[in-house]
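Quick notes on the structure that follows.
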Protein chains: 2
Amino acid sequence: MSKKLSHNIQDYLKRIYELTLQGGKATTSQLAEVLEISPASVTNMLQKLSTTEPPYVTYQKHQGVRLTEAGRMAALKILRRHRLIEAFLVAELGYSWDEVHDEAEVLEHAMSARLETRIDAVLKHPKFDPHGDPIPDEDLTLPDIKQIALSDLSVGAQGAILRVPHEDPEVLRYLGKSGLQPGALITLLSRTPYDQTMRVQIEGN
Amino acid sequence: MSKKLSHNIQDYLKRIYELTLQGGKATTSQLAEVLEISPASVTNMLQKLSTTEPPYVTYQKHQGVRLTEAGRMAALKILRRHRLIEAFLVAELGYSWDEVHDEAEVLEHAMSARLETRIDAVLKHPKFDPHGDPIPDEDLTLPDIKQIALSDLSVGAQGAILRVPHEDPEVLRYLGKSGLQPGALITLLSRTPYDQTMRVQIEGN
DNA sequence: AGATAAATTTAGCCGTATCTAAAATACGTT
DNA sequence: AACGTATTTTAGATACGGCTAAATTTATCT
């Protein structure tokens, strides 16, 4: 069975997962940025994570890192817990979607397998968290979804918002006030060529 | 305001609180025992806790420790969180009373003030946890209760079980199966003089 | 290509909280 | 009051995961 990874290592793996979702590698400086620690500290940890048994990342000097299968599984496990907690806090404890991220960030490391199972059951095996992010199931399989980034949508096209994968409470409160939440129906009105500013029509607004 | 104390320090303070409930001092070896660490490590920590600003314990070599007011408040804060979590797990997530202690032991350190407040509200400001232990209120005031230890009860006397302050799941499952839970009405049938074995009559049994 | 800038790694350090082994202190018994 | 035992403290080491400063590698720009 897999060993229990430290709180810190879990955070590294989770961040590497997020940074490599589009298929590339995560760089030392990207990780230093999101983890808010020095690049030197990141290098140390990457060396460690690549030389454990099993290794959690593949790493070559100056080349960035990618998760191994063991690393991906560990990352998905944390991600599942994180998103289940977010869903639970909204559904059962009256949190709003801008309040749940920071709380989940801490609780995910303190959650037992039993608690994970019970929350999953109480929520009837939810497939998405409050931001619309997919929750891996018990086997760590992700539900697959047809989605397109708003930045790739054609002007004039319509769509339903699936995900608003932001962490910043202030941004989320602003978007929420505008009605831009998972489930909302929108039409892309215009896009300015250089600064990527977009105007969208939100249903009922 | 009070600084945030490390996970470990919180555990020390909580244990010292429990060990000094009857008024005495907690010794190095008692703490080493309950925290499952070496006596030498305990000594180190006690020296540290007694020289912080503010100090959390009063400590003199070879004399054991007692909590200062700051220490007591910190301990009650953790105890409140611990017991709220226990109550919540039983009330909202289908846990049984023998499963909650270990879970709460970890979660208590990961709980924000906001989560504490929400759980307290959802449970309607509970006064006791599933073991019957009192939950300090928001100001860390303990509800006071008239109680007597079973070992001090006269043979033939009756009473209602208020607290079963055990942590061991196996013991709790056994007691639960016998009906010995908070709320149960009992009569003390006999007590053997030397080994303190007692026989009790439990209502409806 | 050569120079400079940016990113990354190395080297050495720090604080926290643990440990073991050895020294010091306190205590119970005679 | 003194001996032997138990308890506690000191001293020194270790693991973890950060840090800064300096060195190195890679990228960019004429």
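Each chain of the structure tokens is named A, B, ... in the order shown, its residues numbered from 1; ligands are numbered from 1 in display order.
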Legend entry - Contacts of Asp144 of chain A within 12 Å, only C-alpha atoms (C1' of nucleotides), excl. fewer than 4 positions in-chain, as a PyMOL selection string: chain A and resi 127-128+133-137
Inset, instruction - May I ask you to extract the residues of chain C within 12 Å of chain A, using only C-alpha atoms (C1' of nucleotides), and to give them as a ChimeraX atom specification? - result: /C:6-11
What are the closest atom pairs, with distances in Å to one decimal, for all residues of chain A lying within 9 Å of chain D? Consider only C-alpha atoms (C1' of nucleotides), order rows by chain and residue number, and present the result as JSON lines.
```
{"residue": "A:Asn8", "atom": "CA", "partner": "D:DG17", "partner_atom": "C1'", "distance": 8.3}
{"residue": "A:Ile37", "atom": "CA", "partner": "D:DG18", "partner_atom": "C1'", "distance": 8.0}
{"residue": "A:Ser38", "atom": "CA", "partner": "D:DC19", "partner_atom": "C1'", "distance": 7.8}
{"residue": "A:Ala40", "atom": "CA", "partner": "D:DC19", "partner_atom": "C1'", "distance": 8.7}
{"residue": "A:Ser41", "atom": "CA", "partner": "D:DG18", "partner_atom": "C1'", "distance": 6.8}
{"residue": "A:Met45", "atom": "CA", "partner": "D:DG17", "partner_atom": "C1'", "distance": 8.5}
{"residue": "A:His62", "atom": "CA", "partner": "D:DT25", "partner_atom": "C1'", "distance": 7.7}
```
Can those selected residues be exported to a file as a PDB file, in the first residue's frame so that it contains C-alpha atoms?
```pdb
ATOM      1  CA  ASN A   8       3.838  19.379   2.561  1.00  0.00           C
ATOM      2  CA  ILE A  37       8.175  29.398  -0.947  1.00  0.00           C
ATOM      3  CA  SER A  38      11.625  30.005  -2.412  1.00  0.00           C
ATOM      4  CA  ALA A  40      15.635  26.740  -3.786  1.00  0.00           C
ATOM      5  CA  SER A  41      13.251  24.992  -1.418  1.00  0.00           C
ATOM      6  CA  MET A  45      11.758  18.879  -2.576  1.00  0.00           C
ATOM      7  CA  HIS A  62      16.409  22.492 -15.295  1.00  0.00           C
TER       8      HIS A  62
END
```
Inset, instruction - Can you check which residues of chain A have any atom within 6 Å of chain B? Use only C-alpha atoms and format it as a ChimeraX atom specification. - result: /A:106-107,110
Write the selection just made, keeping C-alpha atoms, as a PDB file, in the first residue's frame?
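Resulting contents of part20.pdb:
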```pdb
ATOM      1  CA  VAL A 106      -6.341  22.791   5.557  1.00  0.00           C
ATOM      2  CA  LEU A 107      -8.987  20.159   6.217  1.00  0.00           C
ATOM      3  CA  ALA A 110      -6.715  16.091   8.337  1.00  0.00           C
TER       4      ALA A 110
END
```
Inset, instruction - Write down as number ranges by chain the residues belonging to segment 16-195 of chain B that are assigned strand (DSSP E) by DSSP computed on the backbone. - result: B: 57-59, 65-67, 158-160, 185-191
Generate a file of the selected residues that holds N, CA and C atoms, formatted as a CSV table (one decimal), in the first residue's frame.
```
chain,number,residue,atom,x,y,z
B,57,VAL,N,2.6,27.6,30.8
B,57,VAL,CA,2.6,26.8,32.0
B,57,VAL,C,3.5,27.4,33.1
B,58,THR,N,3.2,27.0,34.3
B,58,THR,CA,4.2,27.3,35.4
B,58,THR,C,5.0,26.1,35.6
B,59,TYR,N,6.3,26.2,35.7
B,59,TYR,CA,7.1,25.0,35.7
B,59,TYR,C,8.3,25.2,36.6
B,65,VAL,N,4.1,20.5,36.1
B,65,VAL,CA,3.6,21.7,35.6
B,65,VAL,C,2.1,21.9,35.9
B,66,ARG,N,1.7,23.2,35.8
B,66,ARG,CA,0.3,23.6,35.9
B,66,ARG,C,0.1,24.6,34.7
B,67,LEU,N,-1.1,24.7,34.3
B,67,LEU,CA,-1.4,25.7,33.2
B,67,LEU,C,-1.5,27.1,33.8
B,158,GLN,N,-28.7,5.1,43.3
B,158,GLN,CA,-29.0,5.1,41.8
B,158,GLN,C,-28.5,6.4,41.2
B,159,GLY,N,-28.4,6.4,39.9
B,159,GLY,CA,-28.0,7.7,39.3
B,159,GLY,C,-28.2,7.6,37.8
B,160,ALA,N,-28.0,8.7,37.1
B,160,ALA,CA,-28.0,8.7,35.7
B,160,ALA,C,-26.5,8.9,35.2
B,185,LEU,N,-29.9,5.1,33.2
B,185,LEU,CA,-30.1,5.1,34.6
B,185,LEU,C,-29.6,3.8,35.2
B,186,ILE,N,-28.8,3.9,36.3
B,186,ILE,CA,-28.2,2.8,36.8
B,186,ILE,C,-28.4,2.7,38.4
B,187,THR,N,-28.2,1.5,38.9
B,187,THR,CA,-28.1,1.3,40.3
B,187,THR,C,-26.9,0.6,40.6
B,188,LEU,N,-26.1,1.0,41.6
B,188,LEU,CA,-24.9,0.3,42.0
B,188,LEU,C,-25.2,-0.8,42.9
B,189,LEU,N,-25.0,-2.0,42.4
B,189,LEU,CA,-25.4,-3.2,43.2
B,189,LEU,C,-24.3,-3.6,44.2
B,190,SER,N,-23.1,-3.6,43.8
B,190,SER,CA,-22.1,-4.1,44.8
B,190,SER,C,-20.7,-3.6,44.3
B,191,ARG,N,-19.8,-3.6,45.3
B,191,ARG,CA,-18.4,-3.2,45.0
B,191,ARG,C,-17.5,-4.1,45.8
```
Inset, instruction - Figure out the distance between atom CA of Tyr56 of chain A and atom CA of Arg72 of chain A, please, to one decimal in Å. - result: 7.7 Å
